[in-house]
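Novice: Sending over input14.txt (compact mmCIF, C-alpha atoms and all ligand atoms).
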```txt
# COMPACT_ATOMS: atom_id res chain seq x y z
CA MET A 1 0.00 0.00 0.00
CA ARG A 2 3.01 2.24 0.02
CA ALA A 3 3.31 5.15 -2.39
CA LYS A 4 6.87 5.20 -3.59
CA ASP A 5 6.75 8.74 -4.89
CA ASN A 6 6.10 10.24 -1.49
CA VAL A 7 8.83 8.41 0.24
CA LEU A 8 11.70 10.21 1.78
CA THR A 9 14.98 8.42 2.00
CA ILE A 10 17.22 9.11 4.87
CA ARG A 11 20.51 9.55 3.16
CA LYS A 12 19.22 12.36 1.02
CA THR A 13 17.58 14.62 3.49
CA ILE A 14 17.48 13.76 7.10
CA PRO A 15 20.35 14.71 9.30
CA SER A 16 21.17 13.77 12.85
CA ILE A 17 18.09 12.40 14.54
CA LEU A 18 17.46 9.46 12.26
CA SER A 19 21.07 8.46 12.18
CA LEU A 20 20.47 7.59 15.81
CA PHE A 21 18.68 4.46 14.80
CA VAL A 22 19.77 3.81 11.28
CA LYS A 23 23.17 2.58 10.26
CA LYS A 24 24.90 4.83 7.78
CA ARG A 25 24.07 3.06 4.58
CA TYR A 26 20.81 1.54 5.71
CA HIS A 27 18.07 2.70 3.44
CA ILE A 28 14.77 3.14 5.19
CA GLU A 29 11.51 4.88 4.61
CA PHE A 30 10.39 6.32 7.89
CA PHE A 31 7.25 7.95 6.59
CA TYR A 32 5.18 8.42 3.50
CA VAL A 33 1.83 9.79 2.46
CA ASP A 34 -0.50 7.64 0.38
CA GLU A 35 -4.19 7.18 -0.33
CA ILE A 36 -6.44 4.47 0.97
CA TYR A 37 -10.17 4.04 1.11
CA ASP A 38 -11.90 5.57 4.10
CA ALA A 39 -14.70 3.10 4.79
CA LYS A 40 -16.38 5.48 7.23
CA LYS A 41 -16.68 8.28 4.71
CA SER A 42 -16.92 6.02 1.65
CA GLN A 43 -14.18 7.84 -0.21
CA PRO A 44 -10.39 7.71 -0.63
CA MET A 45 -8.40 9.57 2.01
CA LYS A 46 -4.84 10.75 2.32
CA ARG A 47 -2.95 9.13 5.14
CA TRP A 48 0.37 9.89 6.73
CA VAL A 49 2.17 6.69 7.66
CA LEU A 50 4.84 7.07 10.31
CA LEU A 51 7.19 4.27 11.27
CA LEU A 52 8.05 4.90 14.89
CA PRO A 53 10.94 2.88 16.32
CA GLY A 54 9.49 1.67 19.61
CA ALA A 55 11.26 -0.75 21.92
CA GLY A 56 9.98 -3.65 19.81
CA CYS A 57 7.23 -6.21 20.06
CA SER A 58 7.14 -7.49 23.64
CA TRP A 59 5.64 -10.80 22.49
CA ALA A 60 8.48 -11.32 20.03
CA LYS A 61 11.00 -10.66 22.80
CA LYS A 62 9.30 -12.90 25.31
CA SER A 63 8.40 -15.85 23.14
CA GLY A 64 10.25 -15.58 19.84
CA GLY A 65 7.11 -14.09 18.32
CA CYS A 66 4.71 -15.21 15.64
CA SER A 67 5.81 -17.81 13.12
CA MET A 68 5.53 -15.49 10.12
CA CYS A 69 6.63 -12.22 11.66
CA GLY A 70 9.95 -10.50 11.03
CA PHE A 71 9.60 -8.04 13.93
CA ASN A 72 12.40 -9.73 15.81
CA CYS A 73 14.82 -9.40 12.95
CA ARG A 74 13.66 -5.91 12.12
CA LEU A 75 14.33 -4.87 15.67
CA SER A 76 17.87 -6.05 15.66
CA GLN A 77 18.53 -4.32 12.35
CA ILE A 78 16.96 -0.99 13.07
CA ASN A 79 17.43 -0.10 16.69
CA ARG A 80 19.02 -3.21 18.14
CA GLY A 81 16.23 -3.55 20.66
CA LYS A 82 17.24 -0.29 22.33
CA ARG A 83 14.54 1.79 23.85
CA PHE A 84 14.38 5.32 22.52
CA SER A 85 13.77 8.13 24.93
CA SER A 86 10.45 9.93 24.73
CA THR A 87 12.26 13.04 23.56
CA LYS A 88 13.83 11.24 20.61
CA LEU A 89 10.58 9.56 19.59
CA LEU A 90 8.78 12.88 19.70
CA LYS A 91 11.52 14.47 17.63
CA ILE A 92 10.98 11.83 14.96
CA PHE A 93 7.25 12.49 15.08
CA LYS A 94 7.76 16.25 14.78
CA LEU A 95 10.25 15.92 11.96
CA GLY A 96 7.77 13.79 10.02
CA LYS A 97 5.05 16.30 10.76
CA ILE A 98 7.06 19.17 9.33
CA LEU A 99 7.90 17.21 6.19
CA ILE A 100 4.32 16.19 5.36
CA GLU A 101 2.73 19.51 6.28
CA GLY A 102 1.96 20.58 2.70
CA LYS A 103 0.14 17.34 1.88
CA LYS A 104 -2.54 17.79 4.54
CA PRO A 105 -3.37 14.13 5.19
CA SER A 106 -6.56 13.45 7.14
CA ASN A 107 -5.28 10.33 8.88
CA LEU A 108 -2.14 9.51 10.84
CA THR A 109 -1.20 5.83 10.80
CA ILE A 110 1.56 4.74 13.15
CA TYR A 111 3.41 1.45 12.77
CA ASN A 112 5.86 0.74 15.56
CA GLY A 113 6.59 -2.92 14.91
CA GLY A 114 4.55 -4.00 17.90
CA SER A 115 1.88 -2.54 20.15
CA PHE A 116 1.53 1.24 20.30
CA LEU A 117 -0.69 0.86 23.37
CA ASN A 118 2.00 -0.96 25.35
CA ASP A 119 3.79 1.56 27.60
CA GLY A 120 6.82 -0.72 27.51
CA GLU A 121 7.13 -0.27 23.72
CA ILE A 122 5.96 3.32 23.21
CA PRO A 123 6.24 5.35 26.41
CA ARG A 124 2.95 6.57 27.77
CA ASP A 125 3.89 10.25 27.48
CA VAL A 126 4.62 9.74 23.76
CA GLN A 127 1.26 8.05 23.19
CA GLU A 128 -0.44 10.95 24.93
CA LYS A 129 1.52 13.69 23.23
CA ILE A 130 0.76 12.23 19.80
CA CYS A 131 -2.96 12.13 20.61
CA LYS A 132 -2.78 15.75 21.72
CA GLU A 133 -0.98 16.70 18.50
CA VAL A 134 -3.67 14.99 16.42
CA SER A 135 -6.40 16.74 18.39
CA GLU A 136 -4.82 20.11 17.67
CA SER A 137 -4.02 19.46 14.01
CA PRO A 138 -6.05 21.51 11.52
CA TYR A 139 -6.07 18.68 8.94
CA LEU A 140 -5.70 15.33 10.77
CA ASP A 141 -9.02 13.90 11.86
CA SER A 142 -8.11 10.36 12.88
CA LEU A 143 -5.32 8.29 14.38
CA PHE A 144 -4.66 4.63 13.60
CA VAL A 145 -2.42 2.47 15.76
CA GLU A 146 -1.83 -1.26 16.17
CA SER A 147 -1.88 -3.31 19.34
CA ARG A 148 -2.09 -6.79 20.75
CA PRO A 149 -5.35 -7.23 22.70
CA GLU A 150 -3.70 -7.50 26.13
CA PHE A 151 -2.75 -3.81 25.98
CA VAL A 152 -6.28 -2.63 25.30
CA SER A 153 -7.66 -1.51 28.65
CA GLU A 154 -10.65 0.61 29.50
CA GLU A 155 -8.44 3.09 31.32
CA LYS A 156 -5.97 3.46 28.46
CA ILE A 157 -8.59 3.87 25.75
CA LYS A 158 -10.62 6.37 27.75
CA SER A 159 -7.59 8.52 28.43
CA LEU A 160 -6.35 8.53 24.81
CA ASN A 161 -9.86 9.25 23.59
CA PHE A 162 -10.08 12.17 25.98
CA LEU A 163 -6.82 13.63 24.62
CA LEU A 164 -7.96 13.13 21.03
CA GLY A 165 -11.08 15.20 21.72
CA ALA A 166 -13.22 15.35 18.59
CA LYS A 167 -10.73 13.31 16.55
CA SER A 168 -11.28 9.60 16.16
CA LEU A 169 -9.19 6.58 17.07
CA LYS A 170 -8.88 3.35 15.12
CA VAL A 171 -7.04 0.32 16.49
CA GLY A 172 -5.81 -2.61 14.42
CA MET A 173 -5.39 -6.00 16.11
CA GLY A 174 -4.34 -9.29 14.60
CA LEU A 175 -6.65 -12.21 15.23
CA GLU A 176 -5.09 -14.01 12.25
CA CYS A 177 -7.02 -17.30 12.61
CA VAL A 178 -10.35 -18.03 14.22
CA THR A 179 -9.41 -21.66 14.83
CA ASP A 180 -7.67 -21.77 18.21
CA TYR A 181 -5.36 -24.60 17.26
CA TYR A 182 -4.07 -22.82 14.16
CA ARG A 183 -3.69 -19.52 16.01
CA ASP A 184 -1.91 -21.14 18.97
CA TYR A 185 0.34 -23.64 17.25
CA TYR A 186 0.75 -22.53 13.63
CA VAL A 187 0.78 -18.75 14.08
CA HIS A 188 2.00 -18.83 17.69
CA LYS A 189 -0.06 -15.79 18.54
CA GLY A 190 -0.28 -16.38 22.26
CA PHE A 191 -3.74 -15.14 23.19
CA SER A 192 -7.22 -16.63 23.37
CA ARG A 193 -10.19 -15.78 21.28
CA TYR A 194 -11.89 -14.71 24.49
CA ARG A 195 -9.17 -12.14 25.24
CA PHE A 196 -9.41 -10.84 21.71
CA ARG A 197 -13.16 -10.47 21.91
CA GLU A 198 -12.86 -8.67 25.24
CA ALA A 199 -10.51 -6.11 23.66
CA VAL A 200 -12.91 -5.60 20.74
CA ASN A 201 -15.71 -4.97 23.25
CA ILE A 202 -13.69 -2.35 25.14
CA LEU A 203 -12.85 -0.56 21.90
CA LYS A 204 -16.44 -0.65 20.63
CA GLN A 205 -17.85 0.60 23.92
CA ASN A 206 -15.55 3.59 23.64
CA ASN A 207 -16.44 4.38 20.02
CA VAL A 208 -13.09 3.26 18.68
CA THR A 209 -13.06 1.88 15.15
CA VAL A 210 -11.77 -1.70 15.11
CA LEU A 211 -9.70 -3.14 12.28
CA VAL A 212 -8.96 -6.85 12.49
CA TYR A 213 -6.04 -8.46 10.70
CA VAL A 214 -6.79 -11.86 9.22
CA PHE A 215 -3.95 -14.03 8.04
CA LEU A 216 -4.02 -15.96 4.79
CA LYS A 217 -1.97 -19.11 4.87
CA PRO A 218 -0.32 -19.93 8.17
CA ILE A 219 2.40 -22.57 8.08
CA HIS A 220 1.24 -26.19 7.80
CA LEU A 221 -1.97 -25.22 6.02
CA GLY A 222 -2.53 -25.99 2.36
CA GLU A 223 -3.90 -23.49 -0.13
CA ARG A 224 -7.50 -24.68 0.07
CA GLU A 225 -7.70 -24.95 3.85
CA SER A 226 -6.04 -21.56 4.26
CA ILE A 227 -8.70 -19.97 2.05
CA SER A 228 -11.50 -21.56 4.12
CA GLU A 229 -9.84 -20.54 7.38
CA ALA A 230 -9.41 -16.93 6.20
CA ILE A 231 -13.06 -16.78 5.15
CA ARG A 232 -14.22 -18.18 8.51
CA THR A 233 -11.96 -15.72 10.34
CA VAL A 234 -13.28 -12.69 8.42
CA GLU A 235 -16.85 -13.83 9.16
CA TYR A 236 -16.02 -14.19 12.84
CA ALA A 237 -14.29 -10.79 12.97
CA PHE A 238 -17.35 -9.00 11.63
CA SER A 239 -19.65 -11.06 13.86
CA ILE A 240 -17.91 -9.80 17.02
CA GLY A 241 -18.00 -6.17 15.93
CA ALA A 242 -15.01 -5.47 13.68
CA ASP A 243 -15.62 -2.39 11.54
CA GLU A 244 -12.97 -3.31 8.97
CA VAL A 245 -10.75 -6.24 8.13
CA ALA A 246 -7.32 -6.36 6.50
CA LEU A 247 -6.44 -9.62 4.82
CA GLU A 248 -2.72 -10.11 5.38
CA SER A 249 -1.11 -12.78 3.24
CA ALA A 250 1.95 -14.78 4.11
CA PHE A 251 5.25 -13.51 2.79
CA ILE A 252 8.65 -14.81 3.72
CA GLN A 253 10.98 -12.83 5.96
CA GLU A 254 14.36 -13.74 7.41
CA GLY A 255 14.50 -14.93 10.98
CA THR A 256 11.08 -16.58 11.01
CA VAL A 257 9.84 -20.14 11.42
CA MET A 258 8.04 -19.64 8.13
CA LYS A 259 11.35 -18.92 6.42
CA GLU A 260 12.84 -22.19 7.74
CA LEU A 261 9.95 -24.20 6.32
CA TYR A 262 10.12 -22.26 3.06
CA SER A 263 13.83 -23.05 2.72
CA GLN A 264 13.07 -26.73 3.19
CA GLY A 265 10.44 -26.61 0.46
CA GLU A 266 7.70 -27.13 3.06
CA PHE A 267 5.92 -23.83 2.58
CA GLU A 268 4.95 -21.45 -0.23
CA PRO A 269 3.24 -18.06 0.04
CA PRO A 270 -0.36 -18.12 -1.22
CA TRP A 271 -1.41 -17.53 -4.81
CA LEU A 272 -2.91 -14.16 -5.69
CA TRP A 273 -5.93 -16.10 -6.96
CA SER A 274 -6.44 -17.29 -3.37
CA ILE A 275 -6.50 -13.71 -2.11
CA ILE A 276 -9.08 -12.84 -4.75
CA GLU A 277 -11.12 -15.90 -3.79
CA VAL A 278 -11.28 -14.85 -0.13
CA ILE A 279 -12.25 -11.26 -0.97
CA LYS A 280 -14.92 -12.44 -3.40
CA GLN A 281 -16.53 -14.49 -0.66
CA VAL A 282 -16.42 -11.96 2.17
CA HIS A 283 -16.61 -8.47 0.67
CA HIS A 284 -20.37 -8.27 1.27
CA LEU A 285 -19.78 -8.53 5.04
CA GLY A 286 -17.96 -5.21 5.36
CA PRO A 287 -14.84 -3.36 4.23
CA VAL A 288 -11.98 -5.81 3.62
CA TYR A 289 -8.59 -4.44 2.56
CA ILE A 290 -5.77 -6.42 1.01
CA GLY A 291 -2.57 -6.12 3.05
CA GLY A 292 0.62 -5.17 1.23
CA PHE A 293 3.61 -7.41 0.66
CA GLU A 294 6.32 -4.94 1.59
CA ASP A 295 7.97 -4.80 4.97
CA GLU A 296 11.25 -4.47 6.83
CA PRO A 297 13.27 -6.64 6.56
CA PRO A 298 12.35 -6.94 2.86
CA PRO A 299 10.55 -10.22 2.09
CA ILE A 300 12.41 -13.01 0.31
CA ASP A 301 9.24 -14.20 -1.38
CA VAL A 302 5.70 -12.80 -1.61
CA PRO A 303 2.32 -14.08 -2.77
CA HIS A 304 2.31 -14.59 -6.53
CA ASN A 305 0.73 -16.27 -9.52
CA CYS A 306 2.71 -16.84 -12.70
CA PRO A 307 5.20 -14.23 -13.97
CA LYS A 308 2.76 -13.18 -16.69
CA CYS A 309 -0.05 -11.97 -14.46
CA SER A 310 1.44 -11.33 -10.99
CA SER A 311 2.47 -7.71 -11.32
CA ARG A 312 -0.76 -6.79 -13.13
CA ILE A 313 -2.82 -8.30 -10.31
CA ARG A 314 -0.74 -6.64 -7.59
CA LYS A 315 -1.43 -3.27 -9.25
CA ILE A 316 -5.12 -4.08 -9.25
CA PHE A 317 -4.88 -4.76 -5.50
CA GLN A 318 -3.52 -1.25 -4.96
CA GLU A 319 -6.44 0.26 -6.84
CA TYR A 320 -8.85 -2.02 -4.97
CA ASN A 321 -7.51 -0.74 -1.62
CA ARG A 322 -8.03 2.84 -2.73
CA THR A 323 -11.63 2.23 -3.77
CA LEU A 324 -12.76 -1.15 -2.32
CA ASN A 325 -14.39 -1.71 -5.69
CA VAL A 326 -14.67 -5.48 -5.82
CA SER A 327 -15.45 -5.59 -9.52
CA LEU A 328 -11.76 -4.78 -10.10
CA LEU A 329 -11.00 -8.27 -8.79
CA LYS A 330 -13.10 -10.05 -11.39
CA ARG A 331 -10.86 -12.82 -12.64
CA ARG A 332 -9.33 -12.34 -16.00
CA TYR A 333 -8.12 -15.54 -17.48
CA CYS A 334 -4.46 -16.43 -17.31
CA GLU A 335 -2.96 -19.78 -18.14
CA CYS A 336 -2.00 -20.22 -14.46
CA LEU A 337 -5.64 -20.11 -13.32
CA PRO A 338 -6.39 -23.78 -14.11
CA ILE A 339 -3.11 -24.75 -12.41
CA TRP A 340 -4.26 -23.01 -9.23
CA GLU A 341 -7.69 -24.64 -9.48
CA LYS A 342 -6.10 -28.03 -9.93
CA LYS A 343 -3.92 -27.46 -6.87
CA LEU A 344 -6.95 -26.67 -4.71
CA PHE A 345 -8.75 -29.70 -6.00
CA SER A 346 -5.83 -32.05 -5.44
CA GLU A 347 -5.05 -31.03 -1.84
CA GLU A 348 -6.12 -33.38 0.88
CA SER A 349 -8.60 -32.09 3.42
CA VAL A 350 -7.17 -31.21 6.83
ZN ZN A 401 -0.86 -16.11 -14.45
```
Rewrite the structure of this file - the entire thing - as structure tokens.
Ligand SMILES: [Zn+2]

Specialist:
Amino acid sequence: MRAKDNVLTIRKTIPSILSLFVKKRYHIEFFYVDEIYDAKKSQPMKRWVLLLPGAGCSWAKKSGGCSMCGFNCRLSQINRGKRFSSTKLLKIFKLGKILIEGKKPSNLTIYNGGSFLNDGEIPRDVQEKICKEVSESPYLDSLFVESRPEFVSEEKIKSLNFLLGAKSLKVGMGLECVTDYYRDYYVHKGFSRYRFREAVNILKQNNVTVLVYVFLKPIHLGERESISEAIRTVEYAFSIGADEVALESAFIQEGTVMKELYSQGEFEPPWLWSIIEVIKQVHHLGPVYIGGFEDEPPPIDVPHNCPKCSSRIRKIFQEYNRTLNVSLLKRRYCECLPIWEKKLFSEESV
């Protein structure tokens, strides 16, 4: 979902502060402005995406993290697990703010490679100051952050909401799989469905928009079963009150269990046809976005079809995310389509 043209690269323009967490020749995009569909207003909106180097995902540190997630590796590359002071984090925020000023985005999206709502990853005073900044901004009208459910508390949400004033808050949480066994053992997510639902309830009771991440193709699942599981998970997410869903598809990053299986020929990212199949079957339930395939560290392999149609379909996904117009995803024939169909048909049931 990233817009390359609005990306600033560190070496060119940013002096001292970013060199604090980026090695000299490390090329990183720390913010960009792009357009995505605003499901609430039913129109595209400009969003400012800020990558804030928090102390890193506490779950990844404690447990090794989720089987597909490169947060651990990303941490060691970018800030070596160091915790940045509040002052430095706020400087990064302010620098980004100055540089996007002319674009007047209506949404601020923060990715911190973990849970923004965890005081141990993003200090509480930084969370609060950012909310205050959004509330005072003449153009920003909403803030999006990500969190694991255990950091969603009534007290925290009420206080951030208070600071945001008239501006709205959206929180993204990864449920990934509705089936407990898959979520526990294949994704290694480390929380119960009950805990997740409780967090959704707290958010909904406080008028926070809830985005749920659903994962397409955990390790050990075949193409067909992963499609069914993703469909069931999207249905469940909307049934417990999700306002929006993002379908995140498996891609391969260094330092993950998924990468080990991939190297042994035991795992492949999903086909793009599978992504289309899921969206086709769930789009009537509510807004469902297609997650991007770019991340830090850069993926080794991403979802694909054949070389003839893959890049065309990925471009269509970008346009789909900007408009949520599902007719864009109508299948156009490619010679790899029957190969995909045959694969689904030939897989054994789980
Ligand atoms: Zn093809």

Novice: A:Glu101, A:Lys62, A:Cys177, A:Lys94: which is nearest Arg47 of chain A, counting only C-alpha atoms?

Specialist: A:Glu101

Novice: Env of Gly120 of chain A: 12 Å cut, atoms = all atoms listed in the file, seq-sep filter 3 positions within chain, self excluded. Answer as a ChimeraX atom specification.

Specialist: /A:54-59,61,81-86,114-117,123-127,151

Novice: Sort by chain and increasing residue number a table of all residues of chain A within 8 Å of ligand ZN 401 (chain A), each with its closest pair of atoms and their distance in Å to one decimal, counting only C-alpha atoms and all ligand atoms, and write it as JSON lines.

Specialist:
```
{"residue": "A:Asn305", "atom": "CA", "partner": "A:ZN401", "partner_atom": "ZN", "distance": 5.2}
{"residue": "A:Cys306", "atom": "CA", "partner": "A:ZN401", "partner_atom": "ZN", "distance": 4.0}
{"residue": "A:Pro307", "atom": "CA", "partner": "A:ZN401", "partner_atom": "ZN", "distance": 6.4}
{"residue": "A:Lys308", "atom": "CA", "partner": "A:ZN401", "partner_atom": "ZN", "distance": 5.2}
{"residue": "A:Cys309", "atom": "CA", "partner": "A:ZN401", "partner_atom": "ZN", "distance": 4.2}
{"residue": "A:Ser310", "atom": "CA", "partner": "A:ZN401", "partner_atom": "ZN", "distance": 6.3}
{"residue": "A:Tyr333", "atom": "CA", "partner": "A:ZN401", "partner_atom": "ZN", "distance": 7.9}
{"residue": "A:Cys334", "atom": "CA", "partner": "A:ZN401", "partner_atom": "ZN", "distance": 4.6}
{"residue": "A:Glu335", "atom": "CA", "partner": "A:ZN401", "partner_atom": "ZN", "distance": 5.6}
{"residue": "A:Cys336", "atom": "CA", "partner": "A:ZN401", "partner_atom": "ZN", "distance": 4.3}
{"residue": "A:Leu337", "atom": "CA", "partner": "A:ZN401", "partner_atom": "ZN", "distance": 6.3}
```

Novice: Name the residues within 9 Å of (10.7, -5.6, 5.5), counting all atoms listed in the file in the file's coordinates, and put them as number ranges by chain.

Specialist: A: 70-71, 74, 253, 293-299

Novice: My list of candidates is A:Ile202, A:Leu160, A:Leu175, A:Val234. Which is closest to Leu143 of chain A when distances are computed with all atoms listed in the file?

Specialist: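 That would be A:Leu160, the residue with the smallest distance to Leu143 of chain A.
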
Novice: Between atom CA of Ser147 of chain A and atom CA of His188 of chain A, what is the spacing in Å?

Specialist: 16.1 Å

Novice: Of the candidates A:His220, A:Ile290, A:Ser67, A:Arg312, which shows the shortest atom-to-atom distance to Glu268 of chain A, using all atoms listed in the file?

Specialist: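 For Glu268 of chain A, the nearest of the given residues is A:His220.
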
Novice: By how many Å are atom CA of Glu121 of chain A and atom CA of Ser192 of chain A apart?

Specialist: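 Atom CA of Ser192 of chain A lies 21.8 Å from atom CA of Glu121 of chain A.
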
Novice: Just checking: using all atoms listed in the file, which residue out of A:Phe191, A:Tyr186, A:Phe317, A:Tyr111 ends up closest to Val171 of chain A?

Specialist: A:Tyr111

Novice: Could you tell me how far atom CA of Ile130 of chain A lies from atom CA of Thr109 of chain A, in Å and to one decimal?

Specialist: 11.2 Å

Novice: Of the residues A:Leu169, A:Ala199, A:Val178, A:Ile92, which is the one nearest to Arg148 of chain A, using all atoms listed in the file?

Specialist: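 Checking each of A:Leu169, A:Ala199, A:Val178, A:Ile92 against Arg148 of chain A, counting all atoms listed in the file, the winner is A:Ala199.
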
Novice: Hey, which of A:Ile300, A:Val326, A:Ile100, A:Leu344 ends up closest to Ile276 of chain A? Count only C-alpha atoms.

Specialist: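 Using only C-alpha atoms, the shortest distance to Ile276 of chain A belongs to A:Val326.
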
Novice: For Glu35 of chain A, please output as a ChimeraX atom specification all residues within 8 Å (counting all atoms listed in the file; exclusion window: fewer than 3 positions along the same chain).

Specialist: /A:44-47,322

Novice: For Lys97 of chain A, find every residue with an atom within 12 Å (counting only C-alpha atoms), except residues of its own chain fewer than 3 positions away, and show them as a list in words.

Specialist: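 Once the nearby chain positions are removed, what remains is Phe30, Phe31, Tyr32, Val33, Trp48, Val49, Leu50, Leu90, Lys91, Ile92, Phe93, Lys94, Ile100, Glu101, Gly102, Lys103, Lys104, Pro105, Leu108, Ile130, Glu133, Val134, Ser137, Tyr139 and Leu140 of chain A.
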
Novice: Would you list the residues near (-17.8, -7.8, 15.2), meaning any protein, DNA or RNA residue with an atom at most 10 Å from that point in file coordinates, counting only C-alpha atoms, as a list in words?

Specialist: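 Every residue inside that radius is included here: Arg197, Val200, Asn201, Lys204, Val210, Leu211, Val212, Val234, Glu235, Tyr236, Ala237, Phe238, Ser239, Ile240, Gly241, Ala242, Asp243 and Glu244 of chain A.
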